[in-house]
2 protein chains.
Amino acid sequence: MSFNQGTTEGWTLRQAVDACVRASIPWIGVWRHKVAELGTAHARALIDDAGLRVSSLLRAGFFPYATEDERRVRRDDNRRAVEEAAELGAEVLVLVCGPAAGRDLPAARAMVDEGLAELVPYAREHGVKLGIEPLHPMMAAERSVVVTLGQANAMAKEHPPEDVGVIVDVYHVWWDPELDRQVRRAAGRVLGFHVSDWLVPTRDVLAGRGVMGDGVIDLRSIRGTVERAGYDGPIEVEILNLKLWEGDGADLLPHLARRYLEHV
Amino acid sequence: MSFNQGTTEGWTLRQAVDACVRASIPWIGVWRHKVAELGTAHARALIDDAGLRVSSLLRAGFFPYATEDERRVRRDDNRRAVEEAAELGAEVLVLVCGPAAGRDLPAARAMVDEGLAELVPYAREHGVKLGIEPLHPMMAAERSVVVTLGQANAMAKEHPPEDVGVIVDVYHVWWDPELDRQVRRAAGRVLGFHVSDWLVPTRDVLAGRGVMGDGVIDLRSIRGTVERAGYDGPIEVEILNLKLWEGDGADLLPHLARRYLEHV
């Protein structure tokens with residue numbers, strides 16, 4: 001199990017690291033804005049000293065642009081993200097591909113292909129793998145024009161498997177009738193597996209995820225499919241939820257670890 | 001243009017019919033619970049007398065079941081829906097396929113195939129076409145395990161095109177990277193085309209749709225794709241939105257008609 005610190009948006013990196021250590025969770029998924037509060041070198045030392053490893057750094061991407069200036073700003077930021085991932089010794093840099101600037105989805109998707117192709121050599125030089133994370137289609141307008149694992153697979157396959165792979169997050173892909181087939185197709189390219197649950201009803205489009213076992217996702221089944229595709233890395237618990245963010249979270253990680261054992 | 005009365009959930013069928021006549025909208029999409037308030041024969045007379053035609057009757061389906069009793073109840077209700085569609089002279093009966101009873105999506109999808117196969121001969125006898133409407137994946141847990149046009153196409157193709165087709169609702173499918181290909185594949189089977197818009201941000205998973213032009217969907221482009229696939233029937237404006245439901249809606253239909261001309 002890895003703990004993705006997006007689950008506790010109100011915490012500093014130090015708080016998240018300490019909570020992982022107390023709950024005997026060996027991996028952490030870290031967010032760039034939390035790393036930035038400390039500086040990358042300091043963050044690395046903190047994580048190393050705690051004996052943790054970084055399963056992923058979140059996040060780069062957001063490739064579609066409205067202007068050439070915007071394009072340059074994003075390219076530069078993506079390069080910094082690669083440098084940060086290398087400095088942190090992160091297993092993978094997660095790419096959230098961004099929304100379209102206007103209504104033209106095919107054009108935005110072409111910009112993602114183009115931006116990715118531009119980033120790959122830089123990431124390779126730095127020894128950083130890029131993981132394309134398809135987001136749920138309900139986030140197409142605000143977060144990502146890449147919304148299915150099939151689409152992420154097709155994009156990844158334009159590049160060598162040692163450079164570019166995919167992130168399978170159950171929350172984003174559980175509904176997909178193509179899921180089994182696309183996970184098999186991703187064999188050798190799965191760079192991360194994220195878990196949470198889909199609540200009924202879902203009150204918030206962007207931060208309404210549930211703790212494993214509280215929703216309707218068949219987590220065990222999807223985990224089996226992902227493992228049969230050869231994935232044996234850490235499984236990140238990432239639960240973006242307004243209520244969790246408001247809680248103080250003192251007992252949160254032991255609770256999540258229990259739910260992980262029971263349901264994943 | 002057809003007006004889907006789900007847009008004005010607070011109105012009776014009579015109010016919706018009157019508003020269509022005043023706004024010179026020639027078609028109406030009607031909901032079963034509104035028809036039931038009048039009785040089917042009375043509803044038919046009301047619609048005929050107003051000179052309107054019924055583009056679709058909503059809705060039947062909800063095939064997955066937890067018990068044999070539930071299965072029978074749904075089968076009987078679906079047969080009644082077919083009878084109502086025939087009595088109303090509706091062009092098509094819309095099928096919303098229902099959520100899974102538990103966590104097992106493949107099993108639920110098999111129940112949809114089975115329930116559909118059982119309903120088709122009955123619908124054929126009554127001269128009613130069945131239109132499978134894939135819903136947005138964010139509705140997979142509560143409304144429909146059929147969430148992509150590709151999936152709806154595959155289901156429909158098990159049956160003759162004169163019996164079973166698909167409904168393309170932009171709100172449910174706009175995000176899909178397979179959309180163009182699947183609409184082409186649906187040629188000859190498109191039984192309805194529904195429009196609204198995707199708002200940013202979207203505040204409600206089930207009833208947060210926007211009026212055409214207020215969101216990010218490339219309506220003209222999708223309409224072009226659907227028409228190139230041979231669809232030349234009415235285009236239903238269906239905007240399920242809590243705010244619209246709360247308004248009095250006196251000027252709503254002329255407003256929607258203007259937006260339709262400007263954006264669809």
# chains A, B, ... in the order shown; residues from 1 in each chain; ligands from 1
$ closest_atom_pairs --of "chain B" --to "chain A" --cutoff "8 Å" --atoms "only C-alpha atoms" --output "CSV"
residue,atom,partner,partner_atom,distance
B:Gly102,CA,A:Val216,CA,7.1
B:Arg103,CA,A:Val216,CA,5.3
B:Asp104,CA,A:Asp218,CA,6.9
B:Leu105,CA,A:Trp175,CA,8.0
B:His136,CA,A:Met138,CA,7.9
B:Pro137,CA,A:Trp175,CA,6.1
B:Met138,CA,A:Met138,CA,6.3
B:Ala140,CA,A:Trp175,CA,6.3
B:Ala141,CA,A:Val200,CA,6.9
B:Glu142,CA,A:Val200,CA,7.2
B:Val145,CA,A:Trp175,CA,7.6
B:Val147,CA,A:Trp175,CA,7.5
B:Gln151,CA,A:Pro177,CA,7.3
B:Trp175,CA,A:Pro137,CA,6.1
B:Asp176,CA,A:Val147,CA,7.5
B:Pro177,CA,A:Gln151,CA,7.3
B:Trp198,CA,A:Ala141,CA,7.9
B:Val200,CA,A:Ala141,CA,6.9
B:Pro201,CA,A:Glu142,CA,7.6
B:Thr202,CA,A:Val205,CA,7.2
B:Arg203,CA,A:Asp204,CA,7.3
B:Asp204,CA,A:Arg203,CA,7.3
B:Val205,CA,A:Val205,CA,6.8
B:Val216,CA,A:Arg103,CA,5.3
B:Ile217,CA,A:Arg103,CA,6.0
B:Asp218,CA,A:Arg103,CA,5.4
$ write_last_selection --atoms "N, CA and C atoms" --output "PDB file, in the first residue's frame"
ATOM      1  N   GLY B 102     -25.621  -5.227  -7.522  1.00  0.00           N
ATOM      2  CA  GLY B 102     -24.481  -5.248  -6.599  1.00  0.00           C
ATOM      3  C   GLY B 102     -23.263  -4.634  -7.260  1.00  0.00           C
ATOM      4  N   ARG B 103     -22.107  -5.261  -7.080  1.00  0.00           N
ATOM      5  CA  ARG B 103     -20.885  -4.706  -7.655  1.00  0.00           C
ATOM      6  C   ARG B 103     -20.517  -5.342  -8.989  1.00  0.00           C
ATOM      7  N   ASP B 104     -21.296  -6.326  -9.422  1.00  0.00           N
ATOM      8  CA  ASP B 104     -20.876  -7.122 -10.573  1.00  0.00           C
ATOM      9  C   ASP B 104     -21.407  -6.536 -11.884  1.00  0.00           C
ATOM     10  N   LEU B 105     -20.607  -5.685 -12.494  1.00  0.00           N
ATOM     11  CA  LEU B 105     -21.037  -5.038 -13.739  1.00  0.00           C
ATOM     12  C   LEU B 105     -21.220  -6.032 -14.887  1.00  0.00           C
ATOM     13  N   HIS B 136     -24.178   8.735 -19.424  1.00  0.00           N
ATOM     14  CA  HIS B 136     -22.822   9.147 -19.049  1.00  0.00           C
ATOM     15  C   HIS B 136     -22.262   8.189 -17.987  1.00  0.00           C
ATOM     16  N   PRO B 137     -20.964   7.858 -18.096  1.00  0.00           N
ATOM     17  CA  PRO B 137     -20.370   6.935 -17.115  1.00  0.00           C
ATOM     18  C   PRO B 137     -20.550   7.371 -15.663  1.00  0.00           C
ATOM     19  N   MET B 138     -20.750   8.649 -15.401  1.00  0.00           N
ATOM     20  CA  MET B 138     -20.946   9.060 -14.006  1.00  0.00           C
ATOM     21  C   MET B 138     -22.310   8.589 -13.475  1.00  0.00           C
ATOM     22  N   ALA B 140     -23.266   5.396 -14.005  1.00  0.00           N
ATOM     23  CA  ALA B 140     -23.174   3.936 -14.045  1.00  0.00           C
ATOM     24  C   ALA B 140     -23.688   3.295 -12.758  1.00  0.00           C
ATOM     25  N   ALA B 141     -23.472   3.949 -11.634  1.00  0.00           N
ATOM     26  CA  ALA B 141     -23.844   3.328 -10.353  1.00  0.00           C
ATOM     27  C   ALA B 141     -25.328   3.475 -10.042  1.00  0.00           C
ATOM     28  N   GLU B 142     -25.977   4.473 -10.663  1.00  0.00           N
ATOM     29  CA  GLU B 142     -27.359   4.756 -10.266  1.00  0.00           C
ATOM     30  C   GLU B 142     -28.383   4.611 -11.380  1.00  0.00           C
ATOM     31  N   VAL B 145     -25.881   0.668 -16.609  1.00  0.00           N
ATOM     32  CA  VAL B 145     -24.592  -0.003 -16.822  1.00  0.00           C
ATOM     33  C   VAL B 145     -24.169   0.083 -18.293  1.00  0.00           C
ATOM     34  N   VAL B 147     -22.926   2.567 -20.854  1.00  0.00           N
ATOM     35  CA  VAL B 147     -22.323   3.884 -20.674  1.00  0.00           C
ATOM     36  C   VAL B 147     -21.554   4.394 -21.887  1.00  0.00           C
ATOM     37  N   GLN B 151     -20.923   0.315 -26.675  1.00  0.00           N
ATOM     38  CA  GLN B 151     -21.617  -0.759 -25.962  1.00  0.00           C
ATOM     39  C   GLN B 151     -23.066  -0.865 -26.448  1.00  0.00           C
ATOM     40  N   TRP B 175     -17.842  13.318 -24.572  1.00  0.00           N
ATOM     41  CA  TRP B 175     -16.457  13.144 -24.113  1.00  0.00           C
ATOM     42  C   TRP B 175     -15.749  11.988 -24.811  1.00  0.00           C
ATOM     43  N   ASP B 176     -16.468  11.149 -25.534  1.00  0.00           N
ATOM     44  CA  ASP B 176     -15.958   9.833 -25.953  1.00  0.00           C
ATOM     45  C   ASP B 176     -15.022   9.937 -27.155  1.00  0.00           C
ATOM     46  N   PRO B 177     -13.769   9.523 -27.003  1.00  0.00           N
ATOM     47  CA  PRO B 177     -12.840   9.587 -28.142  1.00  0.00           C
ATOM     48  C   PRO B 177     -13.276   8.681 -29.303  1.00  0.00           C
ATOM     49  N   TRP B 198     -22.914  20.756 -21.590  1.00  0.00           N
ATOM     50  CA  TRP B 198     -22.157  20.401 -20.385  1.00  0.00           C
ATOM     51  C   TRP B 198     -21.608  21.682 -19.763  1.00  0.00           C
ATOM     52  N   VAL B 200     -19.614  24.131 -17.060  1.00  0.00           N
ATOM     53  CA  VAL B 200     -18.380  24.150 -16.273  1.00  0.00           C
ATOM     54  C   VAL B 200     -18.508  25.257 -15.245  1.00  0.00           C
ATOM     55  N   PRO B 201     -18.507  24.954 -13.936  1.00  0.00           N
ATOM     56  CA  PRO B 201     -18.475  23.585 -13.414  1.00  0.00           C
ATOM     57  C   PRO B 201     -19.860  22.938 -13.443  1.00  0.00           C
ATOM     58  N   THR B 202     -19.873  21.617 -13.336  1.00  0.00           N
ATOM     59  CA  THR B 202     -21.119  20.869 -13.232  1.00  0.00           C
ATOM     60  C   THR B 202     -21.395  20.618 -11.755  1.00  0.00           C
ATOM     61  N   ARG B 203     -22.535  21.127 -11.293  1.00  0.00           N
ATOM     62  CA  ARG B 203     -22.814  21.097  -9.849  1.00  0.00           C
ATOM     63  C   ARG B 203     -23.594  19.859  -9.422  1.00  0.00           C
ATOM     64  N   ASP B 204     -24.242  19.201 -10.363  1.00  0.00           N
ATOM     65  CA  ASP B 204     -25.094  18.083  -9.979  1.00  0.00           C
ATOM     66  C   ASP B 204     -24.899  16.940 -10.975  1.00  0.00           C
ATOM     67  N   VAL B 205     -24.619  15.768 -10.437  1.00  0.00           N
ATOM     68  CA  VAL B 205     -24.312  14.625 -11.296  1.00  0.00           C
ATOM     69  C   VAL B 205     -25.527  14.219 -12.130  1.00  0.00           C
ATOM     70  N   VAL B 216     -19.702  23.428 -22.989  1.00  0.00           N
ATOM     71  CA  VAL B 216     -18.509  23.187 -23.802  1.00  0.00           C
ATOM     72  C   VAL B 216     -18.690  22.160 -24.921  1.00  0.00           C
ATOM     73  N   ILE B 217     -19.913  21.656 -25.100  1.00  0.00           N
ATOM     74  CA  ILE B 217     -20.087  20.617 -26.116  1.00  0.00           C
ATOM     75  C   ILE B 217     -20.127  21.226 -27.523  1.00  0.00           C
ATOM     76  N   ASP B 218     -19.402  20.606 -28.431  1.00  0.00           N
ATOM     77  CA  ASP B 218     -19.371  21.060 -29.824  1.00  0.00           C
ATOM     78  C   ASP B 218     -20.603  20.502 -30.538  1.00  0.00           C
TER      79      ASP B 218
END
$ select_by_dssp --residues "segment 164-196 of chain A" --states "alpha helix (DSSP H)" --output "number ranges by chain"
A: 170-173, 179-185
$ residues_around --residues "Arg223 of chain A" --least-positions-apart "3" --cutoff "12 Å" --atoms "only C-alpha atoms" --output "NGL selection string"
:A and (168-170 or 174 or 179-180 or 183 or 192-196 or 217-220 or 226-236 or 260 or 263-264)
$ residues_around --residues "Arg72 of chain A" --least-positions-apart "5" --cutoff "12 Å" --atoms "only C-alpha atoms" --output "number ranges by chain"
A: 62-67, 77-79, 115, 118
$ select_by_dssp --residues "segment 20-161 of chain B" --states "strand (DSSP E or B)" --output "JSON, numbers by chain"
{"B": [27, 28, 29, 30, 31, 53, 54, 55, 56, 57, 58, 59, 60, 61, 93, 94, 95, 96, 98, 130, 131, 132, 144]}
$ write_last_selection --atoms "N, CA and C atoms" --output "PDB file, in the first residue's frame"
ATOM      1  N   TRP B  27     -42.730  18.690 -32.270  1.00  0.00           N
ATOM      2  CA  TRP B  27     -42.577  17.365 -31.670  1.00  0.00           C
ATOM      3  C   TRP B  27     -42.455  17.488 -30.155  1.00  0.00           C
ATOM      4  N   ILE B  28     -42.793  16.391 -29.476  1.00  0.00           N
ATOM      5  CA  ILE B  28     -42.611  16.358 -28.020  1.00  0.00           C
ATOM      6  C   ILE B  28     -42.104  14.978 -27.612  1.00  0.00           C
ATOM      7  N   GLY B  29     -41.188  14.964 -26.653  1.00  0.00           N
ATOM      8  CA  GLY B  29     -40.740  13.722 -26.028  1.00  0.00           C
ATOM      9  C   GLY B  29     -41.430  13.630 -24.682  1.00  0.00           C
ATOM     10  N   VAL B  30     -42.182  12.555 -24.452  1.00  0.00           N
ATOM     11  CA  VAL B  30     -43.019  12.501 -23.239  1.00  0.00           C
ATOM     12  C   VAL B  30     -42.527  11.434 -22.263  1.00  0.00           C
ATOM     13  N   TRP B  31     -42.785  11.688 -21.000  1.00  0.00           N
ATOM     14  CA  TRP B  31     -42.378  10.789 -19.920  1.00  0.00           C
ATOM     15  C   TRP B  31     -43.596  10.014 -19.421  1.00  0.00           C
ATOM     16  N   ARG B  53     -46.468  15.611 -32.638  1.00  0.00           N
ATOM     17  CA  ARG B  53     -46.107  14.198 -32.753  1.00  0.00           C
ATOM     18  C   ARG B  53     -45.141  13.832 -31.632  1.00  0.00           C
ATOM     19  N   VAL B  54     -45.187  12.555 -31.242  1.00  0.00           N
ATOM     20  CA  VAL B  54     -44.357  12.093 -30.127  1.00  0.00           C
ATOM     21  C   VAL B  54     -43.045  11.527 -30.672  1.00  0.00           C
ATOM     22  N   SER B  55     -41.950  12.230 -30.404  1.00  0.00           N
ATOM     23  CA  SER B  55     -40.653  11.751 -30.898  1.00  0.00           C
ATOM     24  C   SER B  55     -40.172  10.549 -30.094  1.00  0.00           C
ATOM     25  N   SER B  56     -40.462  10.543 -28.797  1.00  0.00           N
ATOM     26  CA  SER B  56     -40.062   9.380 -27.993  1.00  0.00           C
ATOM     27  C   SER B  56     -40.886   9.317 -26.723  1.00  0.00           C
ATOM     28  N   LEU B  57     -41.003   8.085 -26.220  1.00  0.00           N
ATOM     29  CA  LEU B  57     -41.573   7.880 -24.887  1.00  0.00           C
ATOM     30  C   LEU B  57     -40.436   7.444 -23.981  1.00  0.00           C
ATOM     31  N   LEU B  58     -40.324   8.123 -22.840  1.00  0.00           N
ATOM     32  CA  LEU B  58     -39.301   7.808 -21.858  1.00  0.00           C
ATOM     33  C   LEU B  58     -39.997   7.300 -20.607  1.00  0.00           C
ATOM     34  N   ARG B  59     -39.554   6.266 -20.021  1.00  0.00           N
ATOM     35  CA  ARG B  59     -38.546   5.363 -20.456  1.00  0.00           C
ATOM     36  C   ARG B  59     -38.807   4.005 -19.861  1.00  0.00           C
ATOM     37  N   ALA B  60     -38.266   2.989 -20.499  1.00  0.00           N
ATOM     38  CA  ALA B  60     -38.343   1.639 -19.970  1.00  0.00           C
ATOM     39  C   ALA B  60     -36.914   1.155 -19.747  1.00  0.00           C
ATOM     40  N   GLY B  61     -36.760  -0.151 -19.468  1.00  0.00           N
ATOM     41  CA  GLY B  61     -35.417  -0.683 -19.288  1.00  0.00           C
ATOM     42  C   GLY B  61     -35.180  -1.167 -17.873  1.00  0.00           C
ATOM     43  N   LEU B  93     -39.452   3.908 -28.150  1.00  0.00           N
ATOM     44  CA  LEU B  93     -39.441   3.775 -26.693  1.00  0.00           C
ATOM     45  C   LEU B  93     -37.977   3.777 -26.246  1.00  0.00           C
ATOM     46  N   VAL B  94     -37.634   4.736 -25.379  1.00  0.00           N
ATOM     47  CA  VAL B  94     -36.243   4.880 -24.942  1.00  0.00           C
ATOM     48  C   VAL B  94     -35.967   3.924 -23.783  1.00  0.00           C
ATOM     49  N   LEU B  95     -34.854   3.194 -23.896  1.00  0.00           N
ATOM     50  CA  LEU B  95     -34.442   2.270 -22.842  1.00  0.00           C
ATOM     51  C   LEU B  95     -33.253   2.834 -22.070  1.00  0.00           C
ATOM     52  N   VAL B  96     -33.471   3.045 -20.772  1.00  0.00           N
ATOM     53  CA  VAL B  96     -32.369   3.345 -19.859  1.00  0.00           C
ATOM     54  C   VAL B  96     -32.124   2.041 -19.114  1.00  0.00           C
ATOM     55  N   GLY B  98     -30.450   0.707 -16.579  1.00  0.00           N
ATOM     56  CA  GLY B  98     -30.460   0.420 -15.146  1.00  0.00           C
ATOM     57  C   GLY B  98     -29.079   0.125 -14.574  1.00  0.00           C
ATOM     58  N   LEU B 130     -37.267   0.035 -30.193  1.00  0.00           N
ATOM     59  CA  LEU B 130     -36.592   0.224 -28.915  1.00  0.00           C
ATOM     60  C   LEU B 130     -35.271   0.959 -29.145  1.00  0.00           C
ATOM     61  N   GLY B 131     -35.077   2.049 -28.407  1.00  0.00           N
ATOM     62  CA  GLY B 131     -33.843   2.831 -28.547  1.00  0.00           C
ATOM     63  C   GLY B 131     -33.003   2.740 -27.283  1.00  0.00           C
ATOM     64  N   ILE B 132     -31.851   2.108 -27.383  1.00  0.00           N
ATOM     65  CA  ILE B 132     -30.952   1.989 -26.218  1.00  0.00           C
ATOM     66  C   ILE B 132     -30.207   3.301 -26.053  1.00  0.00           C
ATOM     67  N   SER B 144     -27.480   3.427 -15.195  1.00  0.00           N
ATOM     68  CA  SER B 144     -27.284   2.603 -16.396  1.00  0.00           C
ATOM     69  C   SER B 144     -25.907   1.970 -16.438  1.00  0.00           C
TER      70      SER B 144
END
$ residues_around --residues "Ala117 of chain B" --least-positions-apart "5" --cutoff "10 Å" --atoms "only C-alpha atoms" --output "list in words"
Met111, Val112, Tyr122, Met155, Ala156, Glu158 and His159 of chain B
$ residues_around --residues "Ser24 of chain B" --least-positions-apart "4" --cutoff "10 Å" --atoms "only C-alpha atoms" --output "list in words"
Met1, Asp18, Ala19, Cys20, Leu52, Leu253, Pro254 and Ala257 of chain B
$ atom_distance --atom1 "atom CA of Asp163 of chain B" --atom2 "atom CA of Gln182 of chain B"
19.0 Å
$ residues_around --residues "Lys129 of chain B" --least-positions-apart "6" --cutoff "10 Å" --atoms "only C-alpha atoms" --output "NGL selection string"
:B and (56 or 82 or 85-86 or 90-94 or 120 or 123 or 161-166 or 191)
$ atom_distance --atom1 "atom CA of Leu256 of chain A" --atom2 "atom CA of Gly6 of chain A"
13.6 Å
$ closest_residue --among "A:Ala207, A:Leu13, A:Leu261, A:Met212" --to "Leu242 of chain A" --atoms "only C-alpha atoms"
A:Ala207
$ atom_distance --atom1 "atom CA of Gly89 of chain A" --atom2 "atom CA of His33 of chain A"
16.8 Å
